[in-house]
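Dropping protein16.cif in here (mmCIF, C-alpha atoms):
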data_input
loop_
_atom_site.label_atom_id
_atom_site.label_comp_id
_atom_site.auth_asym_id
_atom_site.auth_seq_id
_atom_site.Cartn_x
_atom_site.Cartn_y
_atom_site.Cartn_z
CA MET Z 23 -94.72 -53.41 28.22
CA ASP Z 24 -93.37 -50.49 26.19
CA PHE Z 25 -93.49 -47.72 28.82
CA GLY Z 26 -92.50 -45.07 26.32
CA LEU Z 27 -95.64 -45.80 24.35
CA VAL Z 28 -97.73 -45.86 27.52
CA PHE Z 29 -96.52 -42.46 28.68
CA ALA Z 30 -96.84 -40.92 25.24
CA HIS Z 31 -100.43 -42.15 25.07
CA LEU Z 32 -101.06 -40.74 28.52
CA CYS Z 33 -99.82 -37.33 27.45
CA PHE Z 34 -102.31 -37.21 24.59
CA GLU Z 35 -105.19 -38.10 26.91
CA THR Z 36 -104.40 -35.92 29.92
CA LYS Z 37 -105.61 -32.32 29.77
CA ASP Z 38 -102.83 -30.75 31.81
CA LEU Z 39 -99.86 -32.46 30.17
CA PHE Z 40 -97.93 -31.12 27.23
CA LEU Z 41 -97.68 -33.18 24.07
CA PHE Z 42 -94.94 -35.78 24.51
CA ASN Z 43 -92.57 -35.32 21.60
CA CYS Z 44 -89.92 -37.95 22.36
CA LYS Z 45 -90.46 -41.00 20.17
CA TYR Z 46 -91.50 -44.02 22.19
CA LEU Z 47 -88.79 -46.20 20.63
CA PHE Z 48 -86.03 -44.31 22.46
CA MET Z 49 -83.92 -46.15 25.01
CA SER Z 50 -85.42 -46.50 28.49
CA LYS Z 51 -83.04 -44.09 30.23
CA LEU Z 52 -83.49 -41.44 27.58
CA PHE Z 53 -87.23 -41.85 27.88
CA SER Z 54 -87.05 -41.35 31.64
CA VAL Z 55 -85.20 -38.06 31.20
CA CYS Z 56 -87.77 -36.87 28.67
CA ALA Z 57 -90.60 -37.87 31.00
CA ILE Z 58 -89.11 -35.86 33.86
CA LEU Z 59 -88.67 -32.83 31.63
CA LEU Z 60 -92.24 -33.20 30.49
CA ILE Z 61 -93.57 -33.34 34.04
CA ALA Z 62 -91.72 -30.10 34.76
CA THR Z 63 -93.84 -28.24 32.20
CA ILE Z 64 -97.27 -29.05 33.63
CA SER Z 65 -99.85 -26.28 33.73
CA PHE Z 66 -102.53 -26.26 36.42
CA SER Z 67 -104.86 -23.43 35.56
CA GLN Z 68 -107.85 -22.48 33.53
CA GLY Z 69 -107.24 -21.46 29.94
CA ILE Z 70 -109.52 -19.90 27.32
CA SER Z 71 -113.23 -20.08 28.09
CA PHE Z 72 -114.74 -20.68 24.66
CA PHE Z 73 -118.17 -19.33 23.76
CA HIS Z 74 -120.70 -22.13 23.25
CA GLY Z 75 -123.36 -20.32 21.26
CA THR Z 76 -123.83 -19.92 17.51
CA TRP Z 77 -121.80 -17.61 15.28
CA ASP Z 78 -124.66 -15.09 15.17
CA GLU Z 79 -124.84 -15.15 18.97
CA ALA Z 80 -121.07 -14.61 19.17
CA LEU Z 81 -121.41 -11.56 16.90
CA GLU Z 82 -124.20 -10.23 19.11
CA GLU Z 83 -122.12 -10.77 22.26
CA ALA Z 84 -119.12 -9.05 20.67
CA GLN Z 85 -121.22 -6.00 19.81
CA LYS Z 86 -122.73 -5.94 23.30
CA THR Z 87 -119.35 -6.16 25.06
CA ASP Z 88 -117.40 -4.18 22.45
CA LYS Z 89 -114.91 -7.03 22.04
CA ILE Z 90 -113.23 -8.74 19.10
CA ILE Z 91 -114.10 -12.35 18.28
CA PHE Z 92 -111.25 -14.88 18.26
CA VAL Z 93 -112.01 -17.90 16.08
CA ASP Z 94 -110.11 -21.19 16.20
CA ALA Z 95 -110.96 -22.70 12.82
CA TYR Z 96 -109.97 -26.37 13.10
CA ALA Z 97 -110.61 -29.90 11.88
CA LYS Z 98 -110.99 -32.94 14.15
CA TRP Z 99 -108.19 -34.85 12.41
CA CYS Z 100 -105.69 -31.95 12.51
CA GLY Z 101 -102.63 -32.72 14.70
CA PRO Z 102 -101.50 -29.09 15.26
CA CYS Z 103 -105.11 -28.20 16.14
CA LYS Z 104 -105.14 -30.87 18.84
CA ALA Z 105 -101.75 -29.75 20.11
CA MET Z 106 -102.94 -26.14 20.49
CA ALA Z 107 -106.14 -27.27 22.19
CA LYS Z 108 -104.17 -29.31 24.74
CA ASN Z 109 -101.01 -27.30 25.22
CA VAL Z 110 -101.74 -23.65 24.41
CA PHE Z 111 -105.42 -22.78 24.89
CA THR Z 112 -105.30 -24.40 28.35
CA GLN Z 113 -102.53 -22.14 29.68
CA GLU Z 114 -103.48 -19.65 32.40
CA LYS Z 115 -101.53 -16.83 30.75
CA VAL Z 116 -103.43 -17.36 27.49
CA GLY Z 117 -106.75 -17.70 29.29
CA MET Z 118 -106.30 -14.52 31.28
CA TYR Z 119 -105.52 -12.45 28.19
CA PHE Z 120 -108.12 -13.92 25.87
CA ASN Z 121 -110.96 -14.10 28.40
CA GLU Z 122 -110.44 -10.43 29.22
CA ASN Z 123 -110.17 -9.15 25.64
CA PHE Z 124 -112.04 -11.48 23.28
CA ILE Z 125 -115.14 -13.52 22.67
CA SER Z 126 -113.49 -16.84 21.76
CA ILE Z 127 -115.20 -19.52 19.71
CA LYS Z 128 -114.11 -22.83 18.18
CA MET Z 129 -115.31 -23.58 14.66
CA ASP Z 130 -115.16 -27.13 13.25
CA MET Z 131 -114.76 -26.32 9.57
CA GLU Z 132 -116.18 -29.66 8.47
CA GLU Z 133 -119.44 -29.24 10.36
CA LYS Z 134 -122.50 -27.29 9.18
CA GLU Z 135 -121.76 -23.96 10.89
CA GLY Z 136 -118.05 -24.18 10.08
CA ILE Z 137 -118.84 -24.71 6.40
CA ALA Z 138 -121.10 -21.65 6.45
CA PHE Z 139 -118.40 -19.64 8.24
CA GLY Z 140 -115.86 -20.76 5.61
CA ARG Z 141 -117.86 -19.22 2.79
CA LYS Z 142 -117.05 -15.75 4.14
CA PHE Z 143 -113.73 -16.66 5.77
CA PRO Z 144 -112.04 -19.29 3.58
CA VAL Z 145 -109.60 -21.73 5.17
CA SER Z 146 -106.85 -23.51 3.22
CA ALA Z 147 -104.93 -25.07 6.13
CA TYR Z 148 -105.48 -25.95 9.78
CA PRO Z 149 -105.56 -24.43 12.24
CA THR Z 150 -106.43 -20.99 10.92
CA LEU Z 151 -106.90 -18.31 13.55
CA PHE Z 152 -109.25 -15.40 12.86
CA PHE Z 153 -109.88 -12.13 14.67
CA VAL Z 154 -113.23 -10.68 13.61
CA SER Z 155 -115.09 -7.52 14.64
CA GLY Z 156 -118.59 -7.57 16.09
CA GLU Z 157 -119.77 -6.34 12.71
CA GLY Z 158 -118.36 -9.46 11.08
CA GLU Z 159 -115.36 -7.81 9.43
CA LEU Z 160 -111.97 -9.55 9.33
CA ILE Z 161 -109.30 -7.85 11.46
CA LYS Z 162 -106.50 -10.39 11.32
CA LYS Z 163 -105.90 -13.93 10.07
CA SER Z 164 -103.04 -16.34 10.77
CA VAL Z 165 -102.44 -19.87 9.50
CA GLY Z 166 -100.74 -22.58 11.55
CA GLY Z 167 -100.27 -23.58 15.18
CA LYS Z 168 -98.82 -21.12 17.69
CA GLN Z 169 -97.04 -21.43 21.01
CA VAL Z 170 -98.13 -19.34 24.02
CA GLU Z 171 -96.08 -16.19 23.48
CA ALA Z 172 -96.62 -16.17 19.72
CA LEU Z 173 -100.40 -16.49 20.19
CA ILE Z 174 -100.54 -13.64 22.72
CA THR Z 175 -98.39 -11.45 20.45
CA LEU Z 176 -100.74 -12.24 17.56
CA ALA Z 177 -103.72 -11.28 19.71
CA LYS Z 178 -102.11 -8.00 20.80
CA ASN Z 179 -101.39 -7.15 17.18
CA ALA Z 180 -105.03 -7.87 16.33
CA ILE Z 181 -106.19 -5.43 19.00
CA ALA Z 182 -103.68 -2.82 17.90
CA GLY Z 183 -104.81 -3.33 14.31
CA PHE Z 184 -108.40 -2.64 15.30
CA ASP Z 185 -107.58 0.91 16.31
CA LYS Z 186 -110.71 3.05 15.97
CA SER Z 187 -109.23 6.05 17.76
CA GLY Z 188 -108.21 7.66 14.45
CA GLN Z 189 -111.80 8.51 13.59
CA TYR Z 190 -111.89 10.97 16.51
CA VAL Z 191 -108.52 12.68 16.02
CA GLU Z 192 -109.57 15.28 13.46
CA SER Z 193 -112.56 16.47 15.50
CA TYR Z 194 -110.51 16.54 18.70
CA GLU Z 195 -107.68 18.53 17.14
CA ALA Z 196 -110.25 20.94 15.69
CA GLY Z 197 -111.33 21.73 19.26
CA ASN Z 198 -114.42 19.53 19.57
CA ARG Z 199 -114.90 18.57 23.24
CA ASP Z 200 -118.35 17.02 22.98
CA PHE Z 201 -118.83 14.49 25.81
CA ASP Z 202 -119.60 11.50 23.57
CA LEU Z 203 -116.60 12.22 21.36
CA MET Z 204 -114.26 12.48 24.36
CA LEU Z 205 -115.65 9.34 25.95
CA ASN Z 206 -115.28 7.32 22.76
CA TYR Z 207 -111.85 8.77 21.95
CA VAL Z 208 -110.34 7.94 25.35
CA THR Z 209 -112.02 4.51 25.38
CA GLU Z 210 -110.48 3.60 22.02
CA LEU Z 211 -107.05 4.95 22.97
CA ASN Z 212 -106.98 2.83 26.12
CA LYS Z 213 -108.25 -0.21 24.29
CA VAL Z 214 -105.21 -0.26 22.00
CA GLY Z 215 -102.75 0.91 24.65
CA LYS Z 216 -102.14 4.38 23.24
CA PRO Z 217 -101.32 7.32 25.58
CA SER Z 218 -104.50 8.88 26.89
CA LEU Z 219 -103.67 10.39 30.28
CA LYS Z 220 -102.88 13.92 29.04
CA ILE Z 221 -106.00 14.01 26.87
CA SER Z 222 -108.16 12.83 29.78
CA ASN Z 223 -106.62 15.29 32.27
CA ASP Z 224 -106.84 18.22 29.84
CA TYR Z 225 -110.53 17.48 29.31
CA LEU Z 226 -111.26 17.27 33.03
CA ASP Z 227 -109.18 20.38 33.77
CA SER Z 228 -111.32 22.34 31.30
CA ASN Z 229 -114.29 21.89 33.66
CA PRO Z 230 -116.65 20.55 30.98
CA ASN Z 231 -120.34 21.19 31.40
CA ILE Z 232 -121.31 17.59 32.16
CA SER Z 233 -123.36 15.91 34.88
CA LYS Z 234 -121.86 13.84 37.71
CA ASP Z 235 -123.13 10.70 36.00
CA GLN Z 236 -121.41 11.66 32.76
CA LYS Z 237 -118.22 12.52 34.60
CA SER Z 238 -118.19 9.19 36.44
CA LYS Z 239 -118.71 7.37 33.16
CA PHE Z 240 -115.78 9.22 31.62
CA LEU Z 241 -113.57 8.53 34.65
CA MET Z 242 -114.33 4.81 34.40
CA ALA Z 243 -113.26 4.86 30.74
CA ALA Z 244 -110.16 6.99 31.39
CA LEU Z 245 -108.82 5.16 34.46
CA ILE Z 246 -105.52 3.30 33.90
CA GLU Z 247 -103.60 3.41 37.19
CA SER Z 248 -104.42 4.27 40.80
CA ASP Z 249 -101.63 6.83 41.34
CA SER Z 250 -103.51 9.48 39.38
CA LYS Z 251 -105.92 12.38 39.69
CA ILE Z 252 -108.46 10.40 37.68
CA PHE Z 253 -108.51 7.69 40.35
CA GLU Z 254 -109.02 10.25 43.12
CA GLU Z 255 -111.95 11.84 41.30
CA LEU Z 256 -113.53 8.47 40.55
CA ILE Z 257 -113.54 7.58 44.25
CA LEU Z 258 -115.45 10.80 44.98
CA LEU Z 259 -118.06 9.76 42.40
CA ARG Z 260 -118.13 6.08 43.41
CA LYS Z 261 -121.92 5.86 43.76
CA ASN Z 262 -122.49 7.56 40.41
CA ALA Z 263 -119.98 5.21 38.74
CA ILE Z 264 -121.74 2.14 40.14
CA ASN Z 265 -125.13 3.48 39.03
CA GLN Z 266 -123.79 4.10 35.53
CA THR Z 267 -122.18 0.65 35.21
CA SER Z 268 -122.36 -1.85 38.08
CA GLU Z 269 -120.64 -2.52 41.38
CA GLU Z 270 -118.80 -5.43 39.77
CA ASP Z 271 -117.50 -3.22 36.93
CA TYR Z 272 -116.38 -0.59 39.43
CA GLU Z 273 -114.53 -3.16 41.54
CA LYS Z 274 -112.82 -4.71 38.49
CA LYS Z 275 -111.75 -1.31 37.19
CA VAL Z 276 -110.37 -0.20 40.55
CA GLU Z 277 -108.51 -3.48 41.13
CA ALA Z 278 -106.98 -3.38 37.63
CA ALA Z 279 -105.84 0.23 38.18
CA CYS Z 280 -104.29 -0.60 41.56
CA LEU Z 281 -102.50 -3.64 40.14
CA GLU Z 282 -101.14 -1.47 37.33
CA THR Z 283 -99.61 0.70 40.04
CA VAL Z 284 -98.09 -2.46 41.54
CA ASN Z 285 -96.55 -3.14 38.12
CA LYS Z 286 -95.07 0.39 38.19
CA ALA Z 287 -93.63 -0.31 41.65
CA VAL Z 288 -91.73 -3.21 40.11
CA GLU Z 289 -90.80 -1.34 36.92
CA PHE Z 290 -89.33 1.62 38.81
CA GLU Z 291 -88.13 -0.47 41.77
CA PHE Z 292 -90.05 1.86 44.08
CA GLU Z 293 -91.84 -0.11 46.79
CA ASP Z 294 -93.72 2.95 48.04
CA LEU Z 295 -95.96 2.58 44.98
CA LEU Z 296 -97.01 -0.85 46.28
CA ILE Z 297 -98.11 0.78 49.54
CA ASP Z 298 -99.89 3.49 47.55
CA ALA Z 299 -101.78 0.86 45.55
CA ILE Z 300 -102.95 -0.89 48.72
CA ASN Z 301 -104.01 2.38 50.35
CA ASN Z 302 -105.78 3.54 47.20
CA TYR Z 303 -107.76 0.31 47.03
CA LYS Z 304 -108.81 0.74 50.65
CA GLU Z 305 -109.99 4.30 49.99
CA SER Z 306 -111.95 3.20 46.91
CA LYS Z 307 -114.25 0.92 48.97
CA ALA Z 308 -114.18 -1.44 46.01
CA GLY Z 309 -114.16 -4.77 47.83
CA ASN Z 310 -112.33 -6.87 50.39
CA THR Z 311 -109.34 -4.75 51.41
CA LYS Z 312 -107.56 -7.57 53.26
CA ARG Z 313 -107.86 -9.82 50.23
CA PHE Z 314 -106.47 -7.16 47.89
CA ASN Z 315 -103.63 -6.50 50.33
CA PHE Z 316 -102.54 -10.09 49.81
CA ILE Z 317 -103.11 -10.01 46.04
CA ALA Z 318 -101.04 -6.84 45.58
CA LYS Z 319 -98.12 -8.10 47.68
CA LEU Z 320 -98.22 -11.53 46.04
CA LYS Z 321 -98.09 -9.86 42.61
CA TYR Z 322 -95.24 -7.59 43.67
CA HIS Z 323 -93.08 -10.40 45.06
CA GLU Z 324 -93.84 -12.65 42.10
CA LEU Z 325 -92.68 -9.97 39.67
CA MET Z 326 -89.64 -9.20 41.85
CA SER Z 327 -88.79 -12.95 41.95
CA ASN Z 328 -88.84 -12.95 45.76
CA TYR Z 329 -89.74 -16.60 46.35
CA ASN Z 330 -89.49 -16.66 50.15
CA GLU Z 331 -91.71 -13.60 50.57
CA TRP Z 332 -94.18 -14.88 47.98
CA SER Z 333 -94.45 -18.37 49.47
CA ASP Z 334 -94.99 -17.01 53.00
CA LEU Z 335 -97.76 -14.75 51.70
CA SER Z 336 -99.23 -17.60 49.66
CA LYS Z 337 -99.54 -19.83 52.72
CA ALA Z 338 -101.22 -17.09 54.76
CA PHE Z 339 -103.51 -16.12 51.86
CA LEU Z 340 -104.69 -19.67 51.20
CA LYS Z 341 -105.25 -20.29 54.88
CA LYS Z 342 -107.56 -17.28 55.04
CA PHE Z 343 -109.29 -17.40 51.64
CA GLY Z 344 -108.65 -20.88 50.21
CA LYS Z 345 -111.44 -22.60 52.14
CA LYS Z 346 -114.15 -20.92 50.10
CA ASP Z 347 -112.23 -20.66 46.83
CA VAL Z 348 -110.55 -23.93 45.86
CA GLU Z 349 -109.45 -22.51 42.50
CA LEU Z 350 -106.90 -20.34 44.35
CA TYR Z 351 -104.79 -23.46 44.92
CA SER Z 352 -104.62 -24.03 41.16
CA VAL Z 353 -103.74 -20.37 40.58
CA HIS Z 354 -100.86 -20.53 43.06
CA LEU Z 355 -99.67 -23.82 41.58
CA SER Z 356 -99.52 -22.08 38.22
CA VAL Z 357 -97.47 -19.18 39.65
CA LEU Z 358 -95.01 -21.68 41.13
CA ASP Z 359 -94.72 -23.40 37.76
CA GLU Z 360 -94.38 -20.23 35.67
CA SER Z 361 -92.42 -17.90 37.98
CA PHE Z 362 -90.52 -20.01 40.51
CA SER Z 363 -89.73 -23.32 38.80
CA TYR Z 364 -86.02 -22.45 39.06
CA VAL Z 365 -86.24 -22.47 42.88
CA PRO Z 366 -85.58 -26.05 44.12
CA GLU Z 367 -87.77 -25.77 47.23
CA SER Z 368 -90.73 -24.55 45.17
CA ASN Z 369 -91.38 -28.14 44.04
CA GLU Z 370 -91.92 -29.20 47.63
CA TYR Z 371 -94.39 -26.37 48.26
CA ALA Z 372 -96.18 -27.13 45.00
CA SER Z 373 -96.66 -30.75 46.06
CA GLU Z 374 -98.10 -29.53 49.38
CA LEU Z 375 -100.61 -27.36 47.52
CA ALA Z 376 -101.52 -30.23 45.20
CA LYS Z 377 -102.07 -32.50 48.22
CA ALA Z 378 -104.36 -29.90 49.79
CA LEU Z 379 -106.21 -29.52 46.50
CA VAL Z 380 -106.86 -33.28 46.36
CA LYS Z 381 -108.29 -33.20 49.88
CA LYS Z 382 -110.64 -30.40 48.94
CA GLU Z 383 -111.60 -31.76 45.51
CA ASP Z 384 -110.53 -35.35 44.89
CA SER Z 385 -110.94 -35.46 41.12
CA THR Z 386 -108.75 -37.61 38.88
CA LEU Z 387 -107.32 -34.46 37.33
CA ASN Z 388 -106.24 -33.08 40.71
CA TYR Z 389 -104.77 -36.44 41.66
CA LEU Z 390 -102.70 -36.42 38.48
CA LYS Z 391 -101.35 -32.97 39.37
CA TYR Z 392 -100.34 -34.25 42.80
CA ILE Z 393 -98.78 -37.45 41.48
CA GLN Z 394 -96.78 -35.61 38.84
CA LEU Z 395 -95.36 -33.22 41.44
CA LEU Z 396 -94.42 -36.11 43.73
CA MET Z 397 -92.50 -37.62 40.81
CA LYS Z 398 -90.84 -34.28 40.19
CA CYS Z 399 -89.71 -34.30 43.85
CA ASP Z 400 -88.34 -37.86 43.36
CA LYS Z 401 -90.92 -39.25 45.82
CA HIS Z 402 -91.61 -42.36 43.75
CA GLN Z 403 -92.88 -44.56 46.60
CA GLU Z 404 -95.34 -41.91 47.75
CA ALA Z 405 -96.44 -41.32 44.16
CA GLU Z 406 -97.16 -45.05 43.81
CA LYS Z 407 -99.25 -45.02 46.99
CA VAL Z 408 -101.22 -41.92 45.94
CA THR Z 409 -101.84 -43.33 42.46
CA LYS Z 410 -103.31 -46.53 43.92
CA GLU Z 411 -105.52 -44.40 46.16
CA ALA Z 412 -106.62 -42.32 43.16
CA ILE Z 413 -107.53 -45.48 41.22
CA LYS Z 414 -109.72 -46.73 44.09
CA LYS Z 415 -111.54 -43.41 44.38
CA ALA Z 416 -112.03 -43.16 40.62
CA LYS Z 417 -113.59 -46.64 40.60
CA LYS Z 418 -115.97 -45.62 43.39
CA ARG Z 419 -117.02 -42.65 41.27
CA GLU Z 420 -117.43 -45.10 38.37
CA GLU Z 421 -114.89 -43.18 36.30
CA LYS Z 422 -112.41 -44.59 33.81
CA THR Z 423 -109.03 -45.38 35.34
CA ASN Z 424 -106.97 -45.99 32.18
CA GLN Z 425 -104.76 -42.93 32.63
CA LEU Z 426 -104.07 -43.65 36.28
CA VAL Z 427 -103.34 -47.32 35.65
CA LYS Z 428 -100.87 -46.48 32.89
CA TYR Z 429 -99.23 -43.88 35.06
CA LEU Z 430 -98.96 -46.39 37.92
CA GLU Z 431 -97.16 -48.79 35.58
CA TYR Z 432 -94.76 -46.01 34.61
CA ILE Z 433 -94.07 -45.16 38.26
CA GLN Z 434 -93.47 -48.78 39.20
CA LYS Z 435 -91.02 -49.10 36.31
CA GLU Z 436 -89.17 -46.01 37.58
CA ILE Z 437 -88.98 -47.55 41.07
CA LEU Z 438 -87.52 -50.78 39.67
CA ASP Z 439 -84.98 -48.87 37.59
#
Once more with this new file: its structure as structure tokens, please.
Amino acid sequence: MDFGLVFAHLCFETKDLFLFNCKYLFMSKLFSVCAILLIATISFSQGISFFHGTWDEALEEAQKTDKIIFVDAYAKWCGPCKAMAKNVFTQEKVGMYFNENFISIKMDMEEKEGIAFGRKFPVSAYPTLFFVSGEGELIKKSVGGKQVEALITLAKNAIAGFDKSGQYVESYEAGNRDFDLMLNYVTELNKVGKPSLKISNDYLDSNPNISKDQKSKFLMAALIESDSKIFEELILLRKNAINQTSEEDYEKKVEAACLETVNKAVEFEFEDLLIDAINNYKESKAGNTKRFNFIAKLKYHELMSNYNEWSDLSKAFLKKFGKKDVELYSVHLSVLDESFSYVPESNEYASELAKALVKKEDSTLNYLKYIQLLMKCDKHQEAEKVTKEAIKKAKKREEKTNQLVKYLEYIQKEILD
């Protein structure tokens, strides 16, 4: 059997594997090296959550949430489209950014709705990536496949290019301090990452004639980081803020602000800011303080590249919170892959997490994660045993076992070699 061809085929079928670029006619040893390198680039987390409604519904949702629409205009036969779908859209880093900032939708340009979409937004090559406003106006367009960083940069440029803050500048500089103008101005500045703190503080320091509800709404829009006067005032108006938005929105806003302060602790190498962020979250009464304590410290040590501290915290965190939230195991696997892959012992810990994930949720996908990590740790015999176990369980669930069988053949070849 041509194992190069088998593994290449497996890569195209498996969601979490990157596209295998080494030609299957390479020599066996060269193929083995490529396979190992490929396994080292596995991603374990959720990527972009694409909107499943119609185009009109996407426009409506974009207007409701005040977000831009990201459109992946593709064709079923397009190779680069398939590569992006498998290798880029599935990445946690991409998912986190796009799910937070966009309504994302896939558009098959050879189907009915895609053809209709193409009349307003013509496509000459695939994939073509569009960023469209809720009003249906084109913000940015880019032709061709993108890797992770290039796609995120493109998305950031699209947001920056949709800067609506300019429409408020003239009125603001003329002395207009109407509540709606200030709320919209600060909201748009923060949306595109422009400085807003001085404008927000100057407005609040002027003691505007606004109600507590209005003030809480403004504070929610103005909040960026927890080490600020804005954060302190928002806590005092917590109930008003929740009534104006929702408890979930308040908790998300507070957590994001506290994590931004954690980022500053890393940027300025000032650990006291980490402690401040944790204390601020506790004072905000936004949610589970113990959980956030872990999240903040995990983030800090990840960004500081402190593997030992991070892994110790990870074990304690998963022991306490992983029972009710299985997805946390996948999140921590992704951190190990993205931030600590250079640490030799991280592979061992990753395989432990993958093993625990299989016990909690014995899907074929989770088994593949576990098997791949065992191979990465050079535990070929154990990988063979686990693969056989995965095949038996998949058969009991009446699922297809083609991928697992092909992978077993690859492993057994590696053992013989």
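If you look at atom CA of Z:Ser187 and atom CA of Z:Lys234, they are 24.9 Å away from each other.
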Can you translate the PyMOL selection byres ((chain Z and resi 153) around 9) into the concrete residues it hits in this file, as a PDB file with C-alpha atoms, in the coordinates of the input?
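Generated file (out.pdb):
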ATOM      1  CA  ILE Z  90    -113.230  -8.740  19.100  1.00  0.00           C
ATOM      2  CA  ILE Z  91    -114.100 -12.350  18.280  1.00  0.00           C
ATOM      3  CA  PHE Z  92    -111.250 -14.880  18.260  1.00  0.00           C
ATOM      4  CA  VAL Z  93    -112.010 -17.900  16.080  1.00  0.00           C
ATOM      5  CA  PHE Z 124    -112.040 -11.480  23.280  1.00  0.00           C
ATOM      6  CA  LEU Z 151    -106.900 -18.310  13.550  1.00  0.00           C
ATOM      7  CA  PHE Z 152    -109.250 -15.400  12.860  1.00  0.00           C
ATOM      8  CA  VAL Z 154    -113.230 -10.680  13.610  1.00  0.00           C
ATOM      9  CA  SER Z 155    -115.090  -7.520  14.640  1.00  0.00           C
ATOM     10  CA  GLU Z 159    -115.360  -7.810   9.430  1.00  0.00           C
ATOM     11  CA  LEU Z 160    -111.970  -9.550   9.330  1.00  0.00           C
ATOM     12  CA  ILE Z 161    -109.300  -7.850  11.460  1.00  0.00           C
ATOM     13  CA  LYS Z 162    -106.500 -10.390  11.320  1.00  0.00           C
ATOM     14  CA  LYS Z 163    -105.900 -13.930  10.070  1.00  0.00           C
ATOM     15  CA  SER Z 164    -103.040 -16.340  10.770  1.00  0.00           C
ATOM     16  CA  ALA Z 177    -103.720 -11.280  19.710  1.00  0.00           C
ATOM     17  CA  ALA Z 180    -105.030  -7.870  16.330  1.00  0.00           C
ATOM     18  CA  ILE Z 181    -106.190  -5.430  19.000  1.00  0.00           C
TER      19      ILE Z 181
END
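Of the listed residues Z:Glu122, Z:Glu273, Z:Glu293, Z:Asp227, the one whose atoms come nearest to Z:Lys89 is Z:Glu122, with distances taken using all atoms listed in the file.
Atom CA of Z:Leu241 sits 9.0 Å away from atom CA of Z:Leu259.
Nearest to Z:His74 of all the residues Z:Leu325, Z:Val357, Z:Ile125, Z:Val208 is Z:Ile125, counting all atoms listed in the file.
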Shell around Z:Lys391 at 7 Å using all atoms listed in the file, local window under 4 positions removed, as a PyMOL selection string: chain Z and resi 376+387+395
Distance query Z:Val408 at most 12 Å, all atoms listed in the file, self and fewer than 2 positions along chain excluded, as a ChimeraX atom specification: /Z:376-377,380-381,384,386,388-397,401-406,410-415,426-427,429-430,433
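Put simply, atom CA of Z:His354 is 22.5 Å away from atom CA of Z:Glu289.
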Close residues, Z:Ala372 itself excluded, 12 Å, only C-alpha atoms, min 5 positions apart in chain, as an MDAnalysis selection string: chainID Z and resid 62 64:66 333 336:337 351:360 362:363 365:367 377:379 391:399
